[in-house]
file structure.tsv (TSV, C-alpha atoms and all ligand atoms)
chain	number	residue	atom	x	y	z
A	256	MET	CA	188.52	-22.31	103.69
A	257	ASN	CA	189.13	-21.26	107.22
A	258	LYS	CA	191.00	-23.94	109.11
A	259	VAL	CA	190.91	-22.12	112.44
A	260	SER	CA	188.77	-23.97	115.00
A	261	LEU	CA	185.34	-22.57	115.83
A	262	ASP	CA	186.41	-21.81	119.41
A	263	GLU	CA	189.36	-19.84	118.11
A	264	GLN	CA	187.20	-17.96	115.59
A	265	LEU	CA	184.64	-17.11	118.29
A	266	LYS	CA	187.36	-15.89	120.64
A	267	ASN	CA	188.98	-13.78	117.94
A	268	ALA	CA	185.70	-12.26	116.79
A	269	ALA	CA	184.64	-11.53	120.38
A	270	ALA	CA	187.97	-9.80	121.03
A	271	TYR	CA	187.71	-7.89	117.75
A	272	LEU	CA	184.21	-6.61	118.57
A	273	SER	CA	184.97	-5.88	122.22
A	274	ALA	CA	187.95	-3.74	121.19
A	275	LEU	CA	185.78	-1.48	119.02
A	276	ASP	CA	185.35	2.11	120.06
A	277	PRO	CA	181.75	2.30	121.37
A	278	ALA	CA	181.20	5.17	118.92
A	279	THR	CA	181.97	2.95	115.92
A	280	ARG	CA	178.80	2.18	114.06
A	281	ILE	CA	178.31	-1.53	113.50
A	282	VAL	CA	176.00	-2.36	110.59
A	283	ILE	CA	174.72	-5.89	110.08
A	284	SER	CA	173.39	-7.29	106.81
A	285	ALA	CA	172.05	-10.75	106.00
A	286	HIS	CA	171.41	-12.14	102.52
A	287	ILE	CA	169.00	-11.08	99.79
A	288	HIS	CA	165.42	-12.42	100.25
A	289	PRO	CA	165.86	-12.89	104.02
A	290	ASP	CA	164.44	-16.03	105.66
A	291	GLY	CA	163.88	-16.76	109.35
A	292	ASP	CA	167.55	-17.37	110.06
A	293	ALA	CA	168.63	-14.22	108.20
A	294	TYR	CA	166.19	-12.00	110.11
A	295	GLY	CA	166.80	-13.78	113.41
A	296	THR	CA	170.59	-13.71	113.14
A	297	ALA	CA	170.77	-10.06	112.07
A	298	LEU	CA	168.30	-8.75	114.67
A	299	GLY	CA	169.55	-11.07	117.45
A	300	LEU	CA	173.15	-9.99	116.87
A	301	CYS	CA	172.14	-6.32	116.67
A	302	LEU	CA	170.22	-6.48	119.97
A	303	GLY	CA	172.93	-8.61	121.59
A	304	LEU	CA	175.66	-6.11	120.69
A	305	ARG	CA	173.46	-3.23	121.86
A	306	SER	CA	173.01	-5.00	125.22
A	307	GLN	CA	176.77	-4.54	125.63
A	308	GLY	CA	176.59	-0.83	124.86
A	309	LEU	CA	177.81	-1.20	121.27
A	310	ASN	CA	176.37	0.98	118.51
A	311	ALA	CA	174.76	-1.69	116.32
A	312	TYR	CA	172.25	-1.44	113.45
A	313	CYS	CA	170.88	-3.64	110.67
A	314	VAL	CA	170.62	-2.92	106.98
A	315	GLY	CA	169.34	-4.67	103.84
A	316	PHE	CA	165.67	-5.13	104.74
A	317	SER	CA	163.16	-2.41	105.48
A	318	SER	CA	160.29	-4.53	106.77
A	319	LEU	CA	159.59	-8.02	108.06
A	320	ARG	CA	157.37	-10.51	106.33
A	321	PRO	CA	154.12	-10.88	108.33
A	322	GLU	CA	155.08	-14.25	109.87
A	323	TYR	CA	158.19	-12.62	111.37
A	324	ALA	CA	156.56	-9.34	112.41
A	325	PHE	CA	156.83	-10.28	116.13
A	326	LEU	CA	160.64	-9.92	116.02
A	327	HIS	CA	162.12	-7.00	117.92
A	328	GLY	CA	164.74	-4.50	116.81
A	329	MET	CA	163.27	-3.04	113.62
A	330	GLU	CA	163.87	0.46	115.04
A	331	TYR	CA	167.58	-0.20	114.48
A	332	VAL	CA	167.28	-0.89	110.74
A	333	LEU	CA	169.01	1.74	108.60
A	334	PRO	CA	168.37	2.50	104.93
A	335	VAL	CA	171.32	1.50	102.74
A	336	ASP	CA	172.02	5.11	101.70
A	337	ALA	CA	172.77	5.96	105.35
A	338	LEU	CA	175.87	3.75	105.27
A	339	LYS	CA	179.29	5.37	105.56
A	340	ASP	CA	182.71	4.10	104.53
A	341	ASP	CA	183.87	3.89	108.15
A	342	ASP	CA	180.97	1.70	109.31
A	343	PHE	CA	181.95	-1.72	110.66
A	344	LEU	CA	180.04	-4.07	108.36
A	345	ILE	CA	179.09	-7.55	109.56
A	346	VAL	CA	177.49	-9.96	107.10
A	347	VAL	CA	175.51	-12.88	108.55
A	348	ASP	CA	174.01	-16.04	107.04
A	349	CYS	CA	175.72	-15.13	103.75
A	350	ASN	CA	179.28	-15.92	102.68
A	351	THR	CA	179.59	-14.36	99.25
A	352	PRO	CA	179.07	-10.94	97.61
A	353	LYS	CA	176.68	-12.64	95.17
A	354	ARG	CA	174.07	-13.19	97.93
A	355	LEU	CA	174.15	-9.66	99.37
A	356	PRO	CA	170.97	-7.57	99.06
A	357	ASP	CA	171.05	-5.84	95.65
A	358	GLU	CA	171.32	-2.32	97.04
A	359	LEU	CA	174.35	-3.32	99.11
A	360	LYS	CA	176.22	-5.06	96.29
A	361	GLU	CA	177.44	-1.79	94.78
A	362	ILE	CA	178.54	-0.04	97.93
A	363	PHE	CA	179.96	-2.83	100.07
A	364	PRO	CA	183.45	-2.77	98.45
A	365	ASN	CA	183.88	0.82	99.73
A	366	ILE	CA	183.06	-0.24	103.26
A	367	GLY	CA	184.52	-3.73	103.23
A	368	VAL	CA	183.15	-6.62	105.27
A	369	SER	CA	184.84	-6.70	108.66
A	370	LEU	CA	183.23	-9.89	109.91
A	371	CYS	CA	181.30	-12.73	108.29
A	372	ILE	CA	179.25	-15.13	110.44
A	373	ASP	CA	177.81	-18.03	108.48
A	374	HIS	CA	177.11	-21.75	108.18
A	375	HIS	CA	176.84	-22.25	104.40
A	376	MET	CA	179.39	-24.08	102.28
A	377	GLY	CA	181.44	-22.25	99.66
A	378	TYR	CA	182.83	-19.18	101.44
A	379	THR	CA	184.19	-16.66	98.92
A	380	GLU	CA	187.86	-16.31	99.89
A	381	GLY	CA	188.70	-12.75	100.90
A	382	PHE	CA	185.04	-11.75	101.40
A	383	ALA	CA	185.59	-10.61	105.01
A	384	LYS	CA	188.53	-9.55	107.14
A	385	GLN	CA	187.49	-11.98	109.84
A	386	THR	CA	185.12	-14.93	109.98
A	387	VAL	CA	183.07	-17.10	112.26
A	388	ILE	CA	182.27	-19.91	109.86
A	389	ASN	CA	181.16	-23.39	110.73
A	390	GLU	CA	179.36	-25.51	108.15
A	391	ASP	CA	178.23	-27.89	110.91
A	392	ALA	CA	176.22	-25.20	112.68
A	393	ALA	CA	172.49	-25.75	112.27
A	394	ALA	CA	171.82	-22.05	111.78
A	395	SER	CA	173.74	-18.79	111.73
A	396	SER	CA	171.68	-17.92	114.81
A	397	GLU	CA	173.42	-20.78	116.59
A	398	LEU	CA	176.81	-19.19	115.82
A	399	VAL	CA	175.60	-15.76	116.94
A	400	TYR	CA	174.41	-17.27	120.21
A	401	GLN	CA	177.87	-18.75	120.74
A	402	LEU	CA	179.55	-15.46	119.84
A	403	LEU	CA	177.36	-13.44	122.21
A	404	ALA	CA	177.87	-16.02	124.96
A	405	THR	CA	181.64	-15.60	124.49
A	406	MET	CA	181.33	-11.88	125.19
A	407	PRO	CA	181.02	-11.36	128.95
A	408	LYS	CA	179.17	-8.04	128.65
A	409	THR	CA	176.22	-9.54	126.76
A	410	ARG	CA	172.92	-9.20	128.63
A	411	PHE	CA	170.62	-11.79	127.08
A	412	ASP	CA	166.92	-11.00	127.19
A	413	SER	CA	163.76	-12.42	125.61
A	414	ALA	CA	164.00	-10.19	122.51
A	415	ILE	CA	167.50	-11.44	121.66
A	416	ALA	CA	166.49	-15.00	122.51
A	417	GLU	CA	163.36	-14.93	120.34
A	418	ALA	CA	165.32	-13.68	117.34
A	419	LEU	CA	167.94	-16.44	117.64
A	420	TRP	CA	165.27	-19.06	118.45
A	421	THR	CA	163.43	-18.11	115.25
A	422	GLY	CA	166.60	-18.56	113.21
A	423	ILE	CA	167.28	-21.98	114.70
A	424	VAL	CA	163.68	-23.20	114.50
A	425	THR	CA	163.30	-22.25	110.85
A	426	ASP	CA	166.69	-23.59	109.69
A	427	THR	CA	166.25	-26.92	111.51
A	428	GLY	CA	162.61	-27.50	110.47
A	429	ARG	CA	161.60	-27.08	114.13
A	430	PHE	CA	164.56	-29.09	115.48
A	431	ALA	CA	163.91	-32.00	113.10
A	432	TYR	CA	166.48	-31.92	110.26
A	433	SER	CA	169.81	-33.75	110.41
A	434	ASN	CA	171.61	-30.47	111.18
A	435	THR	CA	170.01	-30.50	114.67
A	436	SER	CA	172.83	-31.43	117.05
A	437	PRO	CA	173.02	-31.85	120.83
A	438	LEU	CA	174.51	-28.35	120.85
A	439	THR	CA	171.51	-26.99	118.91
A	440	LEU	CA	169.21	-28.31	121.62
A	441	GLU	CA	171.45	-27.02	124.42
A	442	ILE	CA	171.35	-23.57	122.86
A	443	GLY	CA	167.59	-23.93	122.37
A	444	ALA	CA	167.25	-24.71	126.09
A	445	LYS	CA	169.25	-21.62	127.04
A	446	LEU	CA	167.14	-19.44	124.76
A	447	LEU	CA	163.90	-20.86	126.16
A	448	ALA	CA	165.15	-20.06	129.65
A	449	GLU	CA	165.44	-16.40	128.56
A	450	GLY	CA	161.68	-16.29	128.05
A	451	VAL	CA	161.10	-17.34	124.43
A	452	ARG	CA	157.37	-17.66	123.65
A	453	SER	CA	157.82	-20.89	121.70
A	454	GLU	CA	154.15	-21.69	121.10
A	455	TYR	CA	153.38	-18.11	120.06
A	456	ILE	CA	156.32	-18.06	117.64
A	457	ASN	CA	155.30	-21.42	116.19
A	458	GLU	CA	151.82	-20.02	115.60
A	459	GLN	CA	153.21	-16.88	113.95
A	460	VAL	CA	155.72	-18.64	111.69
A	461	TYR	CA	153.83	-21.84	110.83
A	462	GLY	CA	150.20	-21.34	111.76
A	463	SER	CA	149.25	-17.98	110.27
A	464	GLN	CA	149.26	-18.50	106.52
A	465	PRO	CA	147.06	-16.42	104.26
A	466	LEU	CA	144.65	-18.54	102.19
A	467	LYS	CA	146.34	-17.43	98.96
A	468	ARG	CA	149.51	-19.17	100.09
A	469	LEU	CA	147.62	-22.45	100.43
A	470	LYS	CA	146.15	-21.92	96.96
A	471	LEU	CA	149.68	-21.42	95.68
A	472	GLN	CA	150.67	-24.69	97.38
A	473	GLN	CA	147.78	-26.35	95.60
A	474	ARG	CA	149.23	-25.21	92.28
A	475	LEU	CA	152.66	-26.52	93.22
A	476	ILE	CA	151.24	-29.90	94.25
A	477	SER	CA	149.42	-30.16	90.92
A	478	SER	CA	152.69	-29.52	89.10
A	479	ILE	CA	154.76	-32.22	90.83
A	480	ASN	CA	156.22	-34.89	88.61
A	481	VAL	CA	157.88	-37.95	90.12
A	482	GLU	CA	160.45	-39.58	87.89
A	483	ALA	CA	163.40	-42.02	87.82
A	484	GLN	CA	161.45	-44.81	89.52
A	485	GLY	CA	160.28	-42.45	92.24
A	486	LYS	CA	163.74	-41.17	93.14
A	487	ILE	CA	163.35	-37.64	91.79
A	488	ALA	CA	160.46	-35.22	92.26
A	489	ILE	CA	160.23	-31.88	90.51
A	490	GLY	CA	157.57	-29.25	91.15
A	491	PHE	CA	157.33	-25.74	89.82
A	492	LEU	CA	155.43	-22.46	89.92
A	493	THR	CA	155.33	-20.11	86.94
A	494	SER	CA	154.87	-16.35	86.93
A	495	GLU	CA	151.25	-17.02	85.88
A	496	ASP	CA	150.75	-19.12	89.03
A	497	PHE	CA	152.06	-16.31	91.25
A	498	ALA	CA	149.96	-13.70	89.46
A	499	ALA	CA	146.78	-15.82	89.58
A	500	GLU	CA	147.02	-16.16	93.37
A	501	ASP	CA	148.24	-12.59	93.94
A	502	CYS	CA	151.47	-13.94	95.45
A	503	VAL	CA	155.15	-12.95	95.29
A	504	GLY	CA	158.25	-15.14	95.35
A	505	SER	CA	158.66	-15.02	99.12
A	506	ASP	CA	155.16	-16.49	99.56
A	507	SER	CA	156.66	-19.79	98.42
A	508	GLU	CA	159.43	-19.98	101.04
A	509	ASN	CA	159.95	-23.60	102.14
A	510	PHE	CA	157.60	-24.96	99.46
A	511	VAL	CA	160.42	-27.33	98.52
A	512	ASP	CA	159.52	-29.21	101.73
A	513	ILE	CA	156.23	-30.20	100.11
A	514	VAL	CA	158.11	-31.81	97.22
A	515	ARG	CA	160.58	-33.33	99.66
A	516	SER	CA	157.82	-34.94	101.71
A	517	ILE	CA	156.98	-37.56	99.07
A	518	ARG	CA	157.87	-41.11	100.13
A	519	ASP	CA	161.15	-42.53	98.76
A	520	VAL	CA	162.09	-39.34	96.91
A	521	GLU	CA	165.85	-38.77	97.19
A	522	ILE	CA	166.16	-35.60	95.14
A	523	ALA	CA	163.42	-32.98	95.47
A	524	ALA	CA	163.46	-29.85	93.36
A	525	PHE	CA	161.22	-26.81	93.46
A	526	LEU	CA	161.53	-24.37	90.58
A	527	ARG	CA	159.88	-20.99	90.73
A	528	HIS	CA	159.74	-18.07	88.36
A	529	PRO	CA	157.85	-15.38	90.29
A	530	GLU	CA	158.15	-12.76	87.54
A	531	PRO	CA	158.94	-13.19	83.84
A	532	SER	CA	161.89	-10.79	84.11
A	533	ALA	CA	163.31	-12.41	87.27
A	534	PRO	CA	165.71	-15.35	87.37
A	535	VAL	CA	164.38	-18.87	87.86
A	536	ASN	CA	164.95	-19.97	91.44
A	537	LEU	CA	165.92	-23.55	92.13
A	538	SER	CA	165.54	-25.05	95.62
A	539	LEU	CA	166.96	-28.51	96.06
A	540	ARG	CA	166.74	-31.04	98.88
A	541	THR	CA	168.61	-34.34	98.73
A	542	LYS	CA	169.21	-37.44	100.77
A	543	ALA	CA	172.57	-39.28	100.93
A	544	PRO	CA	174.52	-39.87	98.75
A	545	TYR	CA	173.33	-36.87	96.74
A	546	ASP	CA	175.08	-33.56	97.37
A	547	ALA	CA	172.63	-30.70	96.86
A	548	ALA	CA	175.31	-28.00	97.10
A	549	ALA	CA	177.41	-29.67	94.38
A	550	ILE	CA	174.40	-29.92	92.05
A	551	CYS	CA	173.42	-26.28	92.68
A	552	ALA	CA	177.04	-25.18	92.15
A	553	LYS	CA	176.58	-26.21	88.49
A	554	PHE	CA	173.94	-23.47	88.31
A	555	GLY	CA	176.15	-20.94	90.11
A	556	GLY	CA	174.43	-21.51	93.45
A	557	GLY	CA	175.33	-23.25	96.69
A	558	GLY	CA	174.21	-24.04	100.20
A	559	HIS	CA	174.43	-27.13	102.36
A	560	ILE	CA	175.02	-30.78	101.56
A	561	HIS	CA	171.32	-31.71	101.67
A	562	ALA	CA	169.72	-28.28	101.17
A	563	ALA	CA	170.87	-25.86	98.52
A	564	GLY	CA	169.66	-23.39	95.93
A	565	ALA	CA	170.51	-21.39	92.85
A	566	SER	CA	169.23	-18.42	90.92
A	567	VAL	CA	169.38	-18.86	87.16
A	568	ALA	CA	169.02	-15.69	85.11
A	569	GLY	CA	167.85	-15.68	81.51
A	570	ALA	CA	166.43	-19.20	81.59
A	571	THR	CA	162.99	-20.78	81.62
A	572	ILE	CA	161.72	-23.31	84.14
A	573	ASP	CA	161.81	-26.00	81.44
A	574	GLU	CA	165.44	-25.24	80.61
A	575	VAL	CA	166.53	-25.37	84.24
A	576	ALA	CA	164.58	-28.61	84.78
A	577	ALA	CA	166.16	-30.17	81.68
A	578	LYS	CA	169.67	-29.26	82.81
A	579	LEU	CA	168.89	-30.57	86.30
A	580	ARG	CA	167.75	-33.94	84.90
A	581	GLN	CA	170.93	-34.10	82.83
A	582	ILE	CA	173.16	-33.37	85.84
A	583	ILE	CA	171.39	-35.95	88.00
A	584	ALA	CA	171.62	-38.56	85.23
A	585	SER	CA	175.39	-38.01	85.06
A	586	LEU	CA	175.95	-38.60	88.79
B	601	MN	MN	170.82	-20.06	107.72
call {"tool": "encode", "arguments": {"input": "structure.tsv", "output": "structure tokens", "more": "lines below"}}
Ligand SMILES: [Mn+2]
result
Amino acid sequence: MNKVSLDEQLKNAAAYLSALDPATRIVISAHIHPDGDAYGTALGLCLGLRSQGLNAYCVGFSSLRPEYAFLHGMEYVLPVDALKDDDFLIVVDCNTPKRLPDELKEIFPNIGVSLCIDHHMGYTEGFAKQTVINEDAAASSELVYQLLATMPKTRFDSAIAEALWTGIVTDTGRFAYSNTSPLTLEIGAKLLAEGVRSEYINEQVYGSQPLKRLKLQQRLISSINVEAQGKIAIGFLTSEDFAAEDCVGSDSENFVDIVRSIRDVEIAAFLRHPEPSAPVNLSLRTKAPYDAAAICAKFGGGGHIHAAGASVAGATIDEVAAKLRQIIASL
């Protein structure tokens, strides 16, 4: 892992970017199945670099999910087949080739990742030429704010601020999780001062659910099983559940929080299998002393100490749940 201090990494990355020829095309990708922090970090960085006259674009998503449709910068999203070997590729909120969008996985070795900006644990050594990595950052958007603030030519505006605000709000559970630090709130204050419409964004992200999503939640709630004297809760959604409510996998983003909200539960797991041919997705939330990233690593996944996930191909929900119970029992 990178032992260089965050300040040093920010300074180096800022110098690296500032030295680029303005004609160099910068292309920014986040991870597969983007969430609020992935969209917010990628678009916020893209707009922030453009405010300095740099030639920045995003790649890896072609549309925004409806709750994020208010974000600006979609006109700078390129299709993957437009990428060229001499593009300057930045990967954000993702620290391993395994989590890149599928269509980018094949071509990224030709381009190479010039810069990785992320806050997850388990960086794949050699993934990028340069990094801004800090596992203590609440969100990748927090790191991008710091990077842009290190670059004197940045002209912050409300579009940049709303993108980064969205990343921070969604990754901190609206400034509530333990990853929320004094710095997170300081950055939040600076973003608000740029004109973030906080109430409007809250309404878009958290108060505009389609009814089918609530029906899907109802199915998850019905599935929850609390075990080990109330310490462990496991809930799941099968491909039949998704089909019955006309939902896709991304409609269940953050559903693990429902499982996590049960009193006294220390390990909360949400298993979903949106399509029979797709992998089973495991989302895990833990309280001390349980290490969610270590448990998910046994399934080939990763994340943070109290919030992690894994994608398990060729398995059923029952098989993943059985292995999870076994791992927890052995702790
Ligand atoms: Mn994140």
call {"tool": "closest_atom_pairs", "arguments": {"input": "structure.tsv", "of": "chain A", "to": "ligand MN 601 (chain B)", "cutoff": "12 Å", "atoms": "all atoms listed in the file", "output": "tab-separated table"}}
result
residue	atom	partner	partner_atom	distance
A:Ala285	CA	B:MN601	MN	9.5
A:His286	CA	B:MN601	MN	9.5
A:His288	CA	B:MN601	MN	12.0
A:Pro289	CA	B:MN601	MN	9.5
A:Asp290	CA	B:MN601	MN	7.8
A:Gly291	CA	B:MN601	MN	7.9
A:Asp292	CA	B:MN601	MN	4.8
A:Ala293	CA	B:MN601	MN	6.3
A:Tyr294	CA	B:MN601	MN	9.6
A:Gly295	CA	B:MN601	MN	9.4
A:Thr296	CA	B:MN601	MN	8.4
A:Ala297	CA	B:MN601	MN	10.9
A:Val347	CA	B:MN601	MN	8.6
A:Asp348	CA	B:MN601	MN	5.2
A:Cys349	CA	B:MN601	MN	8.0
A:Asn350	CA	B:MN601	MN	10.7
A:Ile372	CA	B:MN601	MN	10.1
A:Asp373	CA	B:MN601	MN	7.3
A:His374	CA	B:MN601	MN	6.5
A:His375	CA	B:MN601	MN	7.2
A:Met376	CA	B:MN601	MN	10.9
A:Ile388	CA	B:MN601	MN	11.6
A:Asn389	CA	B:MN601	MN	11.3
A:Glu390	CA	B:MN601	MN	10.1
A:Asp391	CA	B:MN601	MN	11.2
A:Ala392	CA	B:MN601	MN	9.0
A:Ala393	CA	B:MN601	MN	7.5
A:Ala394	CA	B:MN601	MN	4.6
A:Ser395	CA	B:MN601	MN	5.1
A:Ser396	CA	B:MN601	MN	7.5
A:Glu397	CA	B:MN601	MN	9.3
A:Leu398	CA	B:MN601	MN	10.1
A:Val399	CA	B:MN601	MN	11.2
A:Leu419	CA	B:MN601	MN	10.9
A:Thr421	CA	B:MN601	MN	10.7
A:Gly422	CA	B:MN601	MN	7.1
A:Ile423	CA	B:MN601	MN	8.1
A:Val424	CA	B:MN601	MN	10.3
A:Thr425	CA	B:MN601	MN	8.4
A:Asp426	CA	B:MN601	MN	5.8
A:Thr427	CA	B:MN601	MN	9.1
A:Gly428	CA	B:MN601	MN	11.4
A:Asn434	CA	B:MN601	MN	11.0
A:Gly558	CA	B:MN601	MN	9.2
A:His559	CA	B:MN601	MN	9.6
A:Ala562	CA	B:MN601	MN	10.6
A:Ala563	CA	B:MN601	MN	10.9
call {"tool": "residues_around", "arguments": {"input": "structure.tsv", "residues": "segment 304-318 of chain A", "least_positions_apart": "2", "cutoff": "8 Å", "atoms": "all atoms listed in the file", "output": "ChimeraX atom specification"}}
result
/A:277-287,289,297-298,300-302,320,329,331-335,356,358-359,403,408-411
call {"tool": "closest_residue", "arguments": {"input": "structure.tsv", "among": "A:Leu471, A:Pro352, A:Pro437, A:Ile362", "to": "Glu380 of chain A", "atoms": "only C-alpha atoms"}}
result
A:Pro352
call {"tool": "residues_around", "arguments": {"input": "structure.tsv", "residues": "Ala488 of chain A", "least_positions_apart": "3", "cutoff": "9 Å", "atoms": "all atoms listed in the file", "output": "short mmCIF file (atom, residue, chain, number, x, y, z; two decimals) with C-alpha atoms, in the frame of the given file"}}
result
data_model
loop_
_atom_site.label_atom_id
_atom_site.label_comp_id
_atom_site.auth_asym_id
_atom_site.auth_seq_id
_atom_site.Cartn_x
_atom_site.Cartn_y
_atom_site.Cartn_z
CA ILE A 479 154.76 -32.22 90.83
CA ASN A 480 156.22 -34.89 88.61
CA VAL A 481 157.88 -37.95 90.12
CA GLU A 482 160.45 -39.58 87.89
CA ALA A 483 163.40 -42.02 87.82
CA GLY A 485 160.28 -42.45 92.24
CA VAL A 514 158.11 -31.81 97.22
CA ARG A 515 160.58 -33.33 99.66
CA ILE A 517 156.98 -37.56 99.07
CA VAL A 520 162.09 -39.34 96.91
CA GLU A 521 165.85 -38.77 97.19
CA ILE A 522 166.16 -35.60 95.14
CA ALA A 523 163.42 -32.98 95.47
CA ALA A 524 163.46 -29.85 93.36
CA PHE A 525 161.22 -26.81 93.46
#
call {"tool": "atom_distance", "arguments": {"input": "structure.tsv", "atom1": "atom CA of Ile489 of chain A", "atom2": "atom CA of Ser463 of chain A"}}
result
26.5 Å
call {"tool": "residues_around", "arguments": {"input": "structure.tsv", "residues": "segment 264-267 of chain A", "least_positions_apart": "3", "cutoff": "12 Å", "atoms": "only C-alpha atoms", "output": "PyMOL selection string"}}
result
chain A and resi 257-261+270-274+370-373+384-389+397-407
call {"tool": "closest_residue", "arguments": {"input": "structure.tsv", "among": "A:Gly377, A:Leu492, A:Gln472, A:Phe343", "to": "Cys551 of chain A", "atoms": "all atoms listed in the file"}}
result
A:Gly377
call {"tool": "residues_around", "arguments": {"input": "structure.tsv", "residues": "segment 497-510 of chain A", "least_positions_apart": "3", "cutoff": "6 Å", "atoms": "only C-alpha atoms", "output": "VMD selection string"}}
result
chain A and resid 467 494 513 529
call {"tool": "closest_residue", "arguments": {"input": "structure.tsv", "among": "A:Ala414, A:Val535, A:Val575, A:Leu466", "to": "Phe325 of chain A", "atoms": "only C-alpha atoms"}}
result
A:Ala414
call {"tool": "closest_residue", "arguments": {"input": "structure.tsv", "among": "A:Ile456, A:Leu440, A:Ile583, A:Leu526", "to": "Pro544 of chain A", "atoms": "only C-alpha atoms"}}
result
A:Ile583
